[in-house]
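File shown: data_37.txt (compact mmCIF, C-alpha atoms and all ligand atoms).
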```
# COMPACT_ATOMS: atom_id res chain seq x y z
CA MET A 1 100.47 -31.54 -90.11
CA VAL A 2 99.55 -28.28 -91.81
CA PRO A 3 97.64 -26.11 -89.30
CA GLU A 4 94.00 -25.49 -90.23
CA SER A 5 93.69 -21.88 -89.16
CA VAL A 6 95.65 -18.84 -88.03
CA GLU A 7 94.85 -19.74 -84.41
CA ALA A 8 96.16 -23.25 -85.02
CA VAL A 9 99.41 -21.76 -86.36
CA ILE A 10 99.81 -19.64 -83.21
CA ALA A 11 99.12 -22.69 -81.04
CA ALA A 12 101.52 -24.91 -82.99
CA PHE A 13 104.26 -22.26 -82.73
CA ALA A 14 103.57 -21.96 -78.99
CA ARG A 15 103.99 -25.72 -78.51
CA THR A 16 107.56 -25.40 -79.79
CA GLY A 17 108.22 -22.46 -77.46
CA TYR A 18 107.97 -19.82 -80.17
CA VAL A 19 105.76 -16.85 -79.38
CA ALA A 20 104.30 -15.69 -82.71
CA ASP A 21 102.29 -12.51 -83.09
CA ARG A 22 99.21 -12.57 -85.24
CA GLY A 23 100.85 -10.89 -88.23
CA LEU A 24 103.52 -13.58 -88.47
CA ALA A 25 100.95 -16.33 -87.96
CA VAL A 26 98.71 -15.00 -90.75
CA THR A 27 101.64 -14.73 -93.17
CA THR A 28 102.78 -18.25 -92.28
CA PHE A 29 99.29 -19.68 -92.64
CA LEU A 30 98.83 -18.04 -96.05
CA GLY A 31 102.28 -19.14 -97.18
CA LEU A 32 101.49 -22.75 -96.33
CA ARG A 33 98.04 -22.62 -97.90
CA LEU A 34 99.04 -20.81 -101.07
CA GLY A 35 102.36 -22.61 -101.43
CA ARG A 36 104.28 -19.34 -101.49
CA PRO A 37 107.71 -18.68 -99.95
CA LEU A 38 107.87 -16.59 -96.79
CA PHE A 39 110.15 -13.59 -96.93
CA LEU A 40 111.09 -12.53 -93.41
CA GLU A 41 112.96 -9.35 -92.80
CA GLY A 42 113.95 -7.77 -89.50
CA GLU A 43 116.71 -6.67 -87.18
CA ALA A 44 119.26 -9.17 -85.88
CA GLY A 45 118.11 -11.69 -83.32
CA VAL A 46 114.36 -11.19 -83.61
CA GLY A 47 113.56 -14.80 -84.48
CA LYS A 48 113.68 -14.97 -88.29
CA THR A 49 115.81 -18.09 -88.65
CA GLU A 50 113.92 -19.75 -85.83
CA VAL A 51 110.66 -19.55 -87.81
CA ALA A 52 112.04 -22.01 -90.36
CA LYS A 53 113.25 -24.40 -87.64
CA VAL A 54 109.88 -24.25 -85.92
CA LEU A 55 108.03 -24.83 -89.19
CA ALA A 56 110.04 -27.96 -89.87
CA GLU A 57 109.15 -29.19 -86.40
CA ILE A 58 105.45 -28.40 -86.84
CA LEU A 59 105.28 -30.01 -90.28
CA GLU A 60 107.35 -32.95 -89.03
CA THR A 61 109.78 -32.66 -91.87
CA ASP A 62 113.45 -31.94 -92.47
CA LEU A 63 115.01 -28.53 -92.39
CA ILE A 64 117.43 -27.88 -95.20
CA ARG A 65 119.45 -24.73 -94.73
CA LEU A 66 121.32 -22.65 -97.24
CA GLN A 67 123.42 -20.03 -95.48
CA CYS A 68 124.08 -17.19 -97.90
CA TYR A 69 127.40 -15.34 -98.09
CA GLU A 70 129.19 -13.00 -100.42
CA GLY A 71 130.36 -14.86 -103.50
CA LEU A 72 127.90 -17.74 -103.12
CA ASP A 73 126.99 -18.90 -106.60
CA ALA A 74 124.42 -21.22 -108.05
CA SER A 75 126.76 -24.17 -108.42
CA GLN A 76 127.84 -24.07 -104.78
CA ALA A 77 124.23 -23.91 -103.69
CA LEU A 78 123.12 -26.74 -105.98
CA TYR A 79 125.67 -29.56 -106.09
CA GLU A 80 129.31 -30.42 -106.34
CA TRP A 81 131.12 -33.37 -107.83
CA ASP A 82 132.77 -35.75 -105.45
CA TYR A 83 136.24 -35.55 -106.99
CA ALA A 84 137.85 -37.96 -104.56
CA ARG A 85 135.35 -40.70 -105.40
CA GLN A 86 135.60 -39.96 -109.09
CA MET A 87 139.38 -40.33 -108.97
CA LEU A 88 139.05 -43.54 -107.05
CA ALA A 89 136.54 -44.89 -109.57
CA ILE A 90 138.83 -44.08 -112.47
CA ARG A 91 141.71 -45.90 -110.77
CA LEU A 92 139.53 -48.92 -110.08
CA ILE A 93 138.24 -49.12 -113.63
CA GLU A 94 141.74 -48.81 -115.00
CA ALA A 95 143.15 -51.33 -112.55
CA ARG A 96 140.54 -53.85 -113.65
CA GLY A 97 142.00 -53.32 -117.06
CA GLU A 98 138.66 -53.76 -118.81
CA GLY A 99 139.22 -52.24 -122.18
CA GLY A 100 141.69 -49.62 -121.08
CA GLU A 101 140.49 -46.18 -120.08
CA ALA A 102 137.52 -45.10 -118.01
CA ASP A 103 134.63 -43.50 -119.86
CA VAL A 104 133.41 -40.07 -118.80
CA SER A 105 129.89 -41.35 -118.30
CA ASP A 106 131.21 -43.83 -115.74
CA ILE A 107 132.07 -41.06 -113.35
CA MET A 108 129.52 -38.37 -114.20
CA SER A 109 126.47 -40.07 -112.76
CA ARG A 110 124.27 -39.24 -109.78
CA GLU A 111 126.41 -41.51 -107.65
CA TYR A 112 129.30 -39.06 -107.79
CA LEU A 113 127.23 -35.98 -107.16
CA ARG A 114 127.12 -34.41 -103.74
CA PRO A 115 123.88 -32.45 -103.54
CA ARG A 116 124.08 -29.07 -101.83
CA PRO A 117 121.01 -27.55 -100.13
CA LEU A 118 118.99 -26.51 -103.20
CA LEU A 119 119.30 -29.87 -104.90
CA GLN A 120 118.74 -31.65 -101.58
CA ALA A 121 115.45 -29.78 -101.23
CA ILE A 122 114.33 -30.51 -104.79
CA GLU A 123 115.29 -34.19 -104.56
CA ALA A 124 113.52 -34.63 -101.24
CA SER A 125 110.41 -32.97 -102.68
CA ALA A 126 110.59 -35.12 -105.79
CA LEU A 127 110.52 -38.16 -103.48
CA GLY A 128 107.35 -36.82 -101.88
CA LYS A 129 108.93 -35.62 -98.65
CA SER A 130 108.85 -31.84 -98.99
CA PRO A 131 111.28 -30.30 -96.53
CA VAL A 132 111.44 -26.76 -95.20
CA LEU A 133 114.07 -24.95 -97.22
CA LEU A 134 115.65 -22.09 -95.30
CA ILE A 135 117.54 -19.58 -97.43
CA ASP A 136 119.15 -17.63 -94.63
CA GLU A 137 120.46 -14.06 -94.85
CA LEU A 138 119.89 -13.63 -98.57
CA ASP A 139 121.07 -10.01 -98.35
CA ARG A 140 124.62 -11.34 -97.93
CA ALA A 141 124.60 -13.05 -101.32
CA ASP A 142 125.15 -11.19 -104.60
CA GLU A 143 122.41 -10.08 -106.93
CA GLU A 144 123.28 -12.71 -109.55
CA PHE A 145 122.47 -15.38 -107.04
CA GLU A 146 119.12 -13.74 -106.41
CA ALA A 147 118.32 -13.89 -110.11
CA TYR A 148 119.15 -17.57 -110.13
CA LEU A 149 117.00 -18.16 -107.09
CA LEU A 150 114.10 -16.39 -108.73
CA GLU A 151 114.21 -18.88 -111.55
CA LEU A 152 114.42 -21.82 -109.19
CA LEU A 153 111.52 -20.59 -107.05
CA SER A 154 109.28 -20.29 -110.08
CA ASP A 155 109.44 -23.91 -111.24
CA PHE A 156 111.41 -25.97 -108.72
CA GLN A 157 113.24 -27.97 -111.24
CA VAL A 158 116.87 -28.26 -112.19
CA THR A 159 118.51 -29.70 -115.24
CA LEU A 160 121.89 -31.27 -114.72
CA PRO A 161 123.68 -31.69 -118.04
CA GLU A 162 124.92 -35.22 -117.36
CA ILE A 163 121.93 -36.47 -115.46
CA GLY A 164 118.74 -34.87 -116.67
CA THR A 165 115.91 -32.90 -115.13
CA ILE A 166 114.80 -33.29 -111.56
CA ARG A 167 111.49 -31.75 -110.67
CA ALA A 168 109.79 -31.22 -107.32
CA GLU A 169 106.11 -32.11 -107.74
CA GLU A 170 105.20 -30.71 -104.36
CA PRO A 171 107.49 -27.72 -103.80
CA PRO A 172 109.30 -27.39 -100.47
CA VAL A 173 108.16 -24.87 -97.89
CA VAL A 174 110.57 -22.00 -98.46
CA VAL A 175 111.61 -19.45 -95.84
CA ILE A 176 113.89 -16.63 -96.95
CA THR A 177 115.39 -14.28 -94.38
CA SER A 178 117.19 -10.97 -94.71
CA ASN A 179 118.74 -8.53 -92.25
CA ARG A 180 118.17 -5.83 -94.83
CA THR A 181 121.79 -4.80 -95.23
CA ARG A 182 120.64 -4.21 -98.80
CA GLU A 183 117.30 -4.34 -100.58
CA ILE A 184 116.26 -7.62 -102.15
CA HIS A 185 115.03 -7.30 -105.71
CA ASP A 186 111.33 -6.64 -106.26
CA ALA A 187 110.96 -9.55 -108.67
CA LEU A 188 111.98 -11.98 -105.95
CA LYS A 189 109.87 -10.28 -103.30
CA ARG A 190 106.87 -10.46 -105.60
CA ARG A 191 107.00 -14.25 -105.50
CA CYS A 192 106.94 -14.28 -101.70
CA LEU A 193 104.72 -13.29 -98.82
CA TYR A 194 106.46 -10.60 -96.82
CA HIS A 195 106.61 -10.09 -93.09
CA TRP A 196 108.69 -7.62 -91.10
CA LEU A 197 109.66 -9.03 -87.72
CA ASP A 198 109.91 -6.26 -85.20
CA TYR A 199 111.34 -6.24 -81.70
CA PRO A 200 108.69 -7.66 -79.40
CA SER A 201 106.65 -5.50 -77.07
CA VAL A 202 107.43 -5.76 -73.34
CA GLU A 203 104.44 -8.08 -72.86
CA ARG A 204 105.52 -10.37 -75.67
CA GLU A 205 109.11 -10.44 -74.55
CA VAL A 206 107.99 -11.54 -71.08
CA GLU A 207 106.00 -14.31 -72.80
CA ILE A 208 109.10 -15.32 -74.78
CA LEU A 209 111.15 -15.46 -71.57
CA ARG A 210 108.50 -17.65 -69.95
CA ALA A 211 108.41 -19.93 -73.00
CA ARG A 212 112.16 -20.24 -73.41
CA MET A 213 113.25 -20.18 -69.76
CA PRO A 214 110.69 -22.18 -67.82
CA GLY A 215 110.71 -21.21 -64.17
CA VAL A 216 112.06 -17.72 -64.77
CA ASP A 217 111.03 -15.34 -62.02
CA GLU A 218 108.02 -13.34 -63.22
CA ALA A 219 109.21 -10.02 -61.78
CA LEU A 220 112.73 -10.49 -63.14
CA ALA A 221 111.37 -11.34 -66.59
CA ARG A 222 109.38 -8.11 -66.55
CA GLN A 223 112.41 -6.10 -65.39
CA LEU A 224 114.51 -7.60 -68.17
CA ALA A 225 111.92 -6.95 -70.86
CA MET A 226 111.53 -3.33 -69.76
CA ALA A 227 115.28 -2.76 -69.62
CA MET A 228 115.58 -4.25 -73.12
CA SER A 229 112.91 -1.95 -74.40
CA ASP A 230 114.85 1.03 -72.92
CA LEU A 231 118.10 -0.16 -74.50
CA ARG A 232 116.48 -0.46 -77.93
CA ALA A 233 115.27 3.12 -77.66
CA LEU A 234 118.81 4.40 -77.07
CA ASP A 235 119.99 4.72 -80.65
CA LEU A 236 122.75 2.16 -80.20
CA PHE A 237 125.05 0.98 -82.94
CA LYS A 238 123.77 -2.57 -82.46
CA PRO A 239 120.51 -2.74 -80.50
CA PRO A 240 120.06 -6.08 -78.73
CA GLY A 241 117.61 -8.66 -80.11
CA VAL A 242 115.57 -11.36 -78.43
CA ALA A 243 118.61 -13.64 -78.52
CA GLU A 244 120.39 -11.18 -76.19
CA THR A 245 117.41 -11.06 -73.83
CA LEU A 246 117.59 -14.84 -73.47
CA ASP A 247 121.37 -14.69 -73.00
CA TRP A 248 120.95 -12.04 -70.35
CA ALA A 249 118.37 -14.07 -68.47
CA ALA A 250 120.64 -17.12 -68.63
CA ALA A 251 123.60 -15.09 -67.34
CA LEU A 252 121.57 -13.70 -64.43
CA LYS A 253 120.50 -17.21 -63.54
CA VAL A 254 124.14 -18.33 -63.42
CA LEU A 255 124.99 -15.26 -61.32
CA ALA A 256 122.07 -16.19 -59.05
CA ALA A 257 120.72 -12.64 -59.44
CA SER A 258 117.02 -12.48 -58.58
CA HIS A 259 116.46 -8.91 -59.70
CA LEU A 260 118.12 -6.17 -61.73
CA ASP A 261 120.09 -3.41 -60.05
CA PRO A 262 122.80 -1.09 -61.43
CA THR A 263 125.66 -3.31 -60.20
CA THR A 264 124.20 -6.47 -61.71
CA ILE A 265 123.53 -4.68 -64.98
CA ASP A 266 127.05 -3.29 -65.03
CA GLU A 267 128.56 -6.73 -64.51
CA SER A 268 126.43 -8.53 -67.07
CA LEU A 269 126.14 -5.87 -69.78
CA GLY A 270 128.57 -7.78 -71.98
CA THR A 271 125.97 -10.48 -72.61
CA VAL A 272 123.66 -7.85 -74.13
CA LEU A 273 125.89 -5.29 -75.85
CA LYS A 274 128.87 -6.23 -77.97
CA TYR A 275 130.29 -2.83 -78.88
CA ARG A 276 132.38 -0.69 -76.58
CA GLU A 277 130.66 2.48 -77.85
CA ASP A 278 127.25 1.03 -77.04
CA ILE A 279 128.32 0.08 -73.53
CA GLU A 280 129.70 3.58 -72.98
CA ARG A 281 126.53 5.09 -74.34
CA VAL A 282 124.44 3.09 -71.88
CA ARG A 283 126.69 4.00 -68.94
CA GLU A 284 126.34 7.66 -69.88
CA HIS A 285 122.60 7.25 -70.01
CA GLY A 286 122.76 5.84 -66.49
CA LEU A 287 122.28 2.26 -65.37
CA GLU A 288 119.73 3.28 -62.71
CA ALA A 289 117.42 4.40 -65.51
CA LEU A 290 117.24 0.79 -66.73
CA VAL A 291 115.97 -0.51 -63.41
CA HIS A 292 112.19 -0.73 -63.19
CA GLU A 293 110.67 -1.81 -59.91
N1 LIG B 301 109.07 -14.92 -80.75
C1 LIG B 301 109.99 -15.72 -80.22
N2 LIG B 301 109.64 -16.75 -79.41
C2 LIG B 301 110.57 -17.56 -78.87
N3 LIG B 301 111.89 -17.45 -79.07
C3 LIG B 301 112.32 -16.46 -79.87
C4 LIG B 301 111.39 -15.56 -80.47
N4 LIG B 301 112.09 -14.66 -81.21
C5 LIG B 301 113.38 -15.00 -81.07
N5 LIG B 301 113.53 -16.07 -80.27
C6 LIG B 301 114.80 -16.71 -79.89
O1 LIG B 301 115.82 -15.76 -80.08
C7 LIG B 301 116.98 -16.36 -80.65
C8 LIG B 301 117.37 -15.67 -81.91
O2 LIG B 301 116.49 -16.00 -82.94
P1 LIG B 301 116.97 -16.16 -84.44
O3 LIG B 301 118.32 -16.75 -84.50
O4 LIG B 301 115.87 -16.82 -85.17
O5 LIG B 301 117.06 -14.63 -84.86
P2 LIG B 301 117.37 -14.03 -86.29
O6 LIG B 301 116.34 -13.00 -86.52
O7 LIG B 301 117.53 -15.09 -87.29
O8 LIG B 301 118.75 -13.32 -85.99
P3 LIG B 301 119.99 -13.02 -86.99
O9 LIG B 301 119.52 -11.89 -87.84
O10 LIG B 301 121.06 -12.62 -86.04
O11 LIG B 301 120.26 -14.26 -87.73
C9 LIG B 301 116.66 -17.84 -80.83
O12 LIG B 301 117.18 -18.54 -79.74
C10 LIG B 301 115.15 -17.86 -80.82
O13 LIG B 301 114.69 -19.06 -80.33
MG MG B 302 119.16 -15.70 -88.43
```
Would you kindly transcribe this structure into structure tokens?
Ligand SMILES: Nc1ncnc2c1ncn2[C@@H]1O[C@H](COP(=O)(O)OP(=O)(O)OP(=O)(O)O)[C@@H](O)[C@H]1O
Ligand SMILES: [Mg+2]
Amino acid sequence: MVPESVEAVIAAFARTGYVADRGLAVTTFLGLRLGRPLFLEGEAGVGKTEVAKVLAEILETDLIRLQCYEGLDASQALYEWDYARQMLAIRLIEARGEGGEADVSDIMSREYLRPRPLLQAIEASALGKSPVLLIDELDRADEEFEAYLLELLSDFQVTLPEIGTIRAEEPPVVVITSNRTREIHDALKRRCLYHWLDYPSVEREVEILRARMPGVDEALARQLAMAMSDLRALDLFKPPGVAETLDWAAALKVLAASHLDPTTIDESLGTVLKYREDIERVREHGLEALVHE
């Protein structure tokens, strides 16, 4: 069900365990109402990908995910031919011996097509079951792919030479994410509603811990959130995201640690920081400084 208001979006997110701030909720609400893609940018591990998963859950529909990478091109994102089945079909036709050789049209039909995420999304929409289409980490793909995507996002139809045109009457709900390792082209951004996901405040991070780790000790959650906030202020090579906060909390639970102290932090720092230089930097800064009573 499409939420009726911004407050309803926040509530629906909360029911799935996702703590959305108002800015994200407004952008999501508008995106759903106006039928525009969401463009979510932010540091690693701040909950960008999760927004798409949560939306699929809220809208009770499928999530179709296209993970972008360097060298991804339109054909890989759209469909591929099922060569093994085509070969098999040719053999079968020839074995039956009906008039000799197999015709191209016998093996170039929809039956032998394996839809990749973009075609999956368009086909599902054409059948009246609009999915959530997640185009994850678009900054990893090349600019040519972006140009192709721009075209697709404007009319949601594809023409396959051997098969014809498939058109999504009701376009899918599109969520595009980027870690901003490079700028995404303005033309594509213009089609979307933009939201920058920041690291959460201490208050919000405590809320996230409560939502994601039911039963977490209130004082420990606060200590963790404050230590995270300190770490993010340290000019690290790779500041930890919300994902790391949750990992840290899970690690402390396994270690049966009920509060943070320098020894516990020292032992569990590897769940939060993944670069030797960052760990050294934090040790220099002093582990006691991360402990808030
Ligand atoms: N506001 C939030 N409420 C609840 N959980 C959150 C929130 N933000 C992040 N998380 C959790 O943090 C983890 C990381 O989120 P996610 O994978 O969506 O981050 P991301 O921004 O896509 O990261 P990356 O850039 O590394 O792909 C997930 O387990 C997600 O559930
Ligand atoms: Mg992600």
- Give me the residues within 8 Å of Leu118 in chain A as a PyMOL selection string, counting only C-alpha atoms and dropping any in the same chain fewer than 3 places off. chain A and resi 66+77-79+115+121-122+133
Sorted by chain and rising residue number, list the residues of chain A at most 12 Å from ligand MG 302 (chain B) (counting all atoms listed in the file), each with its closest atom pair and distance in Å to one decimal, as CSV.
```
residue,atom,partner,partner_atom,distance
A:Leu40,CA,B:MG302,MG,10.0
A:Glu41,CA,B:MG302,MG,9.9
A:Gly42,CA,B:MG302,MG,9.5
A:Glu43,CA,B:MG302,MG,9.4
A:Ala44,CA,B:MG302,MG,7.0
A:Gly45,CA,B:MG302,MG,6.6
A:Val46,CA,B:MG302,MG,8.2
A:Gly47,CA,B:MG302,MG,6.9
A:Lys48,CA,B:MG302,MG,5.5
A:Thr49,CA,B:MG302,MG,4.1
A:Glu50,CA,B:MG302,MG,7.1
A:Val51,CA,B:MG302,MG,9.4
A:Ala52,CA,B:MG302,MG,9.7
A:Lys53,CA,B:MG302,MG,10.5
A:Arg65,CA,B:MG302,MG,11.0
A:Leu66,CA,B:MG302,MG,11.4
A:Gln67,CA,B:MG302,MG,9.3
A:Cys68,CA,B:MG302,MG,10.8
A:Leu134,CA,B:MG302,MG,10.0
A:Ile135,CA,B:MG302,MG,9.9
A:Asp136,CA,B:MG302,MG,6.5
A:Glu137,CA,B:MG302,MG,6.8
A:Leu138,CA,B:MG302,MG,10.4
A:Asp139,CA,B:MG302,MG,11.6
A:Arg140,CA,B:MG302,MG,11.8
A:Val175,CA,B:MG302,MG,11.2
A:Ile176,CA,B:MG302,MG,10.1
A:Thr177,CA,B:MG302,MG,7.2
A:Ser178,CA,B:MG302,MG,8.1
A:Asn179,CA,B:MG302,MG,8.1
A:Arg180,CA,B:MG302,MG,11.8
A:Leu197,CA,B:MG302,MG,11.6
A:Gly241,CA,B:MG302,MG,11.0
A:Val242,CA,B:MG302,MG,11.5
A:Ala243,CA,B:MG302,MG,10.1
```
- Would you please work out which residue, of A:Ile208, A:Leu160, A:Leu32, A:Cys192, is nearest to ligand LIG 301 (chain B) when using all atoms listed in the file? A:Ile208
- Message: At a cut-off of 8 Å, using only C-alpha atoms, what residues contact range 9-16 of chain A? Leave out same-chain residues fewer than 3 positions from it and give the result as an MDAnalysis selection string.
- Response: chainID A and resid 3:6 19:22 25 28:29 54:55 57:58 211
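Remark: for ligand LIG 301 (chain B), the closest of the candidate residues A:Glu143, A:Asp186, A:Asp103, A:Glu203 is A:Glu203 (distances computed over all atoms listed in the file).
Using only C-alpha atoms, the protein and nucleic acid residues lying no more than 8 Å from range 270-275 of chain A, apart from those fewer than 2 places from it along its own chain, are Phe237, Lys238, Pro239, Pro240, Glu244, Thr245, Asp247, Trp248, Ala251, Glu267, Ser268, Glu277, Asp278 and Ile279 of chain A.
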- Query: With only C-alpha atoms as the basis for distance, which of A:Ala56, A:Leu209, A:Leu290, A:Leu150 is at the shortest distance from Met226 in chain A?
  - Reply: A:Leu290
- Note on the structure: In Å and to one decimal, CA of Val282 in chain A is distant from CA of Leu269 in chain A by 9.4 Å
Hey, could you patch up range 256-287 of chain A with N, CA and C atoms and hand it over as a PDB file, in the coordinates of the input?
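Ended up saving to out39.pdb:
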```
ATOM      1  N   ALA A 256     123.037 -16.083 -60.139  1.00  0.00           N
ATOM      2  CA  ALA A 256     122.070 -16.190 -59.050  1.00  0.00           C
ATOM      3  C   ALA A 256     121.489 -14.821 -58.672  1.00  0.00           C
ATOM      4  N   ALA A 257     121.311 -13.961 -59.687  1.00  0.00           N
ATOM      5  CA  ALA A 257     120.720 -12.640 -59.440  1.00  0.00           C
ATOM      6  C   ALA A 257     119.201 -12.760 -59.564  1.00  0.00           C
ATOM      7  N   SER A 258     118.475 -12.314 -58.556  1.00  0.00           N
ATOM      8  CA  SER A 258     117.020 -12.480 -58.580  1.00  0.00           C
ATOM      9  C   SER A 258     116.315 -11.219 -59.042  1.00  0.00           C
ATOM     10  N   HIS A 259     117.063 -10.133 -59.147  1.00  0.00           N
ATOM     11  CA  HIS A 259     116.460  -8.910 -59.700  1.00  0.00           C
ATOM     12  C   HIS A 259     117.571  -8.040 -60.299  1.00  0.00           C
ATOM     13  N   LEU A 260     117.151  -7.063 -61.099  1.00  0.00           N
ATOM     14  CA  LEU A 260     118.120  -6.170 -61.730  1.00  0.00           C
ATOM     15  C   LEU A 260     118.428  -5.000 -60.820  1.00  0.00           C
ATOM     16  N   ASP A 261     119.696  -4.669 -60.686  1.00  0.00           N
ATOM     17  CA  ASP A 261     120.090  -3.410 -60.050  1.00  0.00           C
ATOM     18  C   ASP A 261     121.314  -2.909 -60.812  1.00  0.00           C
ATOM     19  N   PRO A 262     121.702  -1.644 -60.617  1.00  0.00           N
ATOM     20  CA  PRO A 262     122.800  -1.090 -61.430  1.00  0.00           C
ATOM     21  C   PRO A 262     124.066  -1.944 -61.403  1.00  0.00           C
ATOM     22  N   THR A 263     124.426  -2.506 -60.251  1.00  0.00           N
ATOM     23  CA  THR A 263     125.660  -3.310 -60.200  1.00  0.00           C
ATOM     24  C   THR A 263     125.534  -4.558 -61.063  1.00  0.00           C
ATOM     25  N   THR A 264     124.398  -5.257 -60.914  1.00  0.00           N
ATOM     26  CA  THR A 264     124.200  -6.470 -61.710  1.00  0.00           C
ATOM     27  C   THR A 264     124.214  -6.143 -63.197  1.00  0.00           C
ATOM     28  N   ILE A 265     123.554  -5.066 -63.567  1.00  0.00           N
ATOM     29  CA  ILE A 265     123.530  -4.680 -64.980  1.00  0.00           C
ATOM     30  C   ILE A 265     124.956  -4.406 -65.450  1.00  0.00           C
ATOM     31  N   ASP A 266     125.679  -3.645 -64.671  1.00  0.00           N
ATOM     32  CA  ASP A 266     127.050  -3.290 -65.030  1.00  0.00           C
ATOM     33  C   ASP A 266     127.887  -4.547 -65.289  1.00  0.00           C
ATOM     34  N   GLU A 267     127.752  -5.512 -64.395  1.00  0.00           N
ATOM     35  CA  GLU A 267     128.560  -6.730 -64.510  1.00  0.00           C
ATOM     36  C   GLU A 267     128.167  -7.613 -65.688  1.00  0.00           C
ATOM     37  N   SER A 268     126.897  -7.573 -66.055  1.00  0.00           N
ATOM     38  CA  SER A 268     126.430  -8.530 -67.070  1.00  0.00           C
ATOM     39  C   SER A 268     126.139  -7.877 -68.422  1.00  0.00           C
ATOM     40  N   LEU A 269     126.484  -6.603 -68.550  1.00  0.00           N
ATOM     41  CA  LEU A 269     126.140  -5.870 -69.780  1.00  0.00           C
ATOM     42  C   LEU A 269     126.764  -6.485 -71.032  1.00  0.00           C
ATOM     43  N   GLY A 270     127.883  -7.163 -70.845  1.00  0.00           N
ATOM     44  CA  GLY A 270     128.570  -7.780 -71.980  1.00  0.00           C
ATOM     45  C   GLY A 270     127.815  -8.936 -72.621  1.00  0.00           C
ATOM     46  N   THR A 271     126.779  -9.437 -71.964  1.00  0.00           N
ATOM     47  CA  THR A 271     125.970 -10.480 -72.610  1.00  0.00           C
ATOM     48  C   THR A 271     124.950  -9.850 -73.563  1.00  0.00           C
ATOM     49  N   VAL A 272     124.730  -8.524 -73.374  1.00  0.00           N
ATOM     50  CA  VAL A 272     123.660  -7.850 -74.130  1.00  0.00           C
ATOM     51  C   VAL A 272     124.227  -6.945 -75.216  1.00  0.00           C
ATOM     52  N   LEU A 273     125.302  -6.237 -74.894  1.00  0.00           N
ATOM     53  CA  LEU A 273     125.890  -5.290 -75.850  1.00  0.00           C
ATOM     54  C   LEU A 273     127.284  -5.747 -76.212  1.00  0.00           C
ATOM     55  N   LYS A 274     127.604  -5.664 -77.504  1.00  0.00           N
ATOM     56  CA  LYS A 274     128.870  -6.230 -77.970  1.00  0.00           C
ATOM     57  C   LYS A 274     129.778  -5.165 -78.593  1.00  0.00           C
ATOM     58  N   TYR A 275     129.429  -3.902 -78.382  1.00  0.00           N
ATOM     59  CA  TYR A 275     130.290  -2.830 -78.880  1.00  0.00           C
ATOM     60  C   TYR A 275     130.636  -1.889 -77.736  1.00  0.00           C
ATOM     61  N   ARG A 276     131.910  -1.551 -77.653  1.00  0.00           N
ATOM     62  CA  ARG A 276     132.380  -0.690 -76.580  1.00  0.00           C
ATOM     63  C   ARG A 276     131.602   0.632 -76.563  1.00  0.00           C
ATOM     64  N   GLU A 277     131.374   1.199 -77.766  1.00  0.00           N
ATOM     65  CA  GLU A 277     130.660   2.480 -77.850  1.00  0.00           C
ATOM     66  C   GLU A 277     129.263   2.361 -77.276  1.00  0.00           C
ATOM     67  N   ASP A 278     128.618   1.229 -77.541  1.00  0.00           N
ATOM     68  CA  ASP A 278     127.250   1.030 -77.040  1.00  0.00           C
ATOM     69  C   ASP A 278     127.254   0.928 -75.515  1.00  0.00           C
ATOM     70  N   ILE A 279     128.247   0.229 -74.977  1.00  0.00           N
ATOM     71  CA  ILE A 279     128.320   0.080 -73.530  1.00  0.00           C
ATOM     72  C   ILE A 279     128.563   1.452 -72.876  1.00  0.00           C
ATOM     73  N   GLU A 280     129.449   2.227 -73.504  1.00  0.00           N
ATOM     74  CA  GLU A 280     129.700   3.580 -72.980  1.00  0.00           C
ATOM     75  C   GLU A 280     128.447   4.437 -73.040  1.00  0.00           C
ATOM     76  N   ARG A 281     127.754   4.316 -74.143  1.00  0.00           N
ATOM     77  CA  ARG A 281     126.530   5.090 -74.340  1.00  0.00           C
ATOM     78  C   ARG A 281     125.517   4.777 -73.235  1.00  0.00           C
ATOM     79  N   VAL A 282     125.399   3.506 -72.899  1.00  0.00           N
ATOM     80  CA  VAL A 282     124.440   3.090 -71.880  1.00  0.00           C
ATOM     81  C   VAL A 282     124.888   3.557 -70.491  1.00  0.00           C
ATOM     82  N   ARG A 283     126.188   3.511 -70.241  1.00  0.00           N
ATOM     83  CA  ARG A 283     126.690   4.000 -68.940  1.00  0.00           C
ATOM     84  C   ARG A 283     126.438   5.491 -68.787  1.00  0.00           C
ATOM     85  N   GLU A 284     126.628   6.226 -69.891  1.00  0.00           N
ATOM     86  CA  GLU A 284     126.340   7.660 -69.880  1.00  0.00           C
ATOM     87  C   GLU A 284     124.878   7.922 -69.562  1.00  0.00           C
ATOM     88  N   HIS A 285     124.049   7.121 -70.205  1.00  0.00           N
ATOM     89  CA  HIS A 285     122.600   7.250 -70.010  1.00  0.00           C
ATOM     90  C   HIS A 285     122.232   6.985 -68.553  1.00  0.00           C
ATOM     91  N   GLY A 286     123.003   6.142 -67.904  1.00  0.00           N
ATOM     92  CA  GLY A 286     122.760   5.840 -66.490  1.00  0.00           C
ATOM     93  C   GLY A 286     122.132   4.480 -66.310  1.00  0.00           C
ATOM     94  N   LEU A 287     122.788   3.626 -65.551  1.00  0.00           N
ATOM     95  CA  LEU A 287     122.280   2.260 -65.370  1.00  0.00           C
ATOM     96  C   LEU A 287     121.033   2.236 -64.498  1.00  0.00           C
TER      97      LEU A 287
END
```
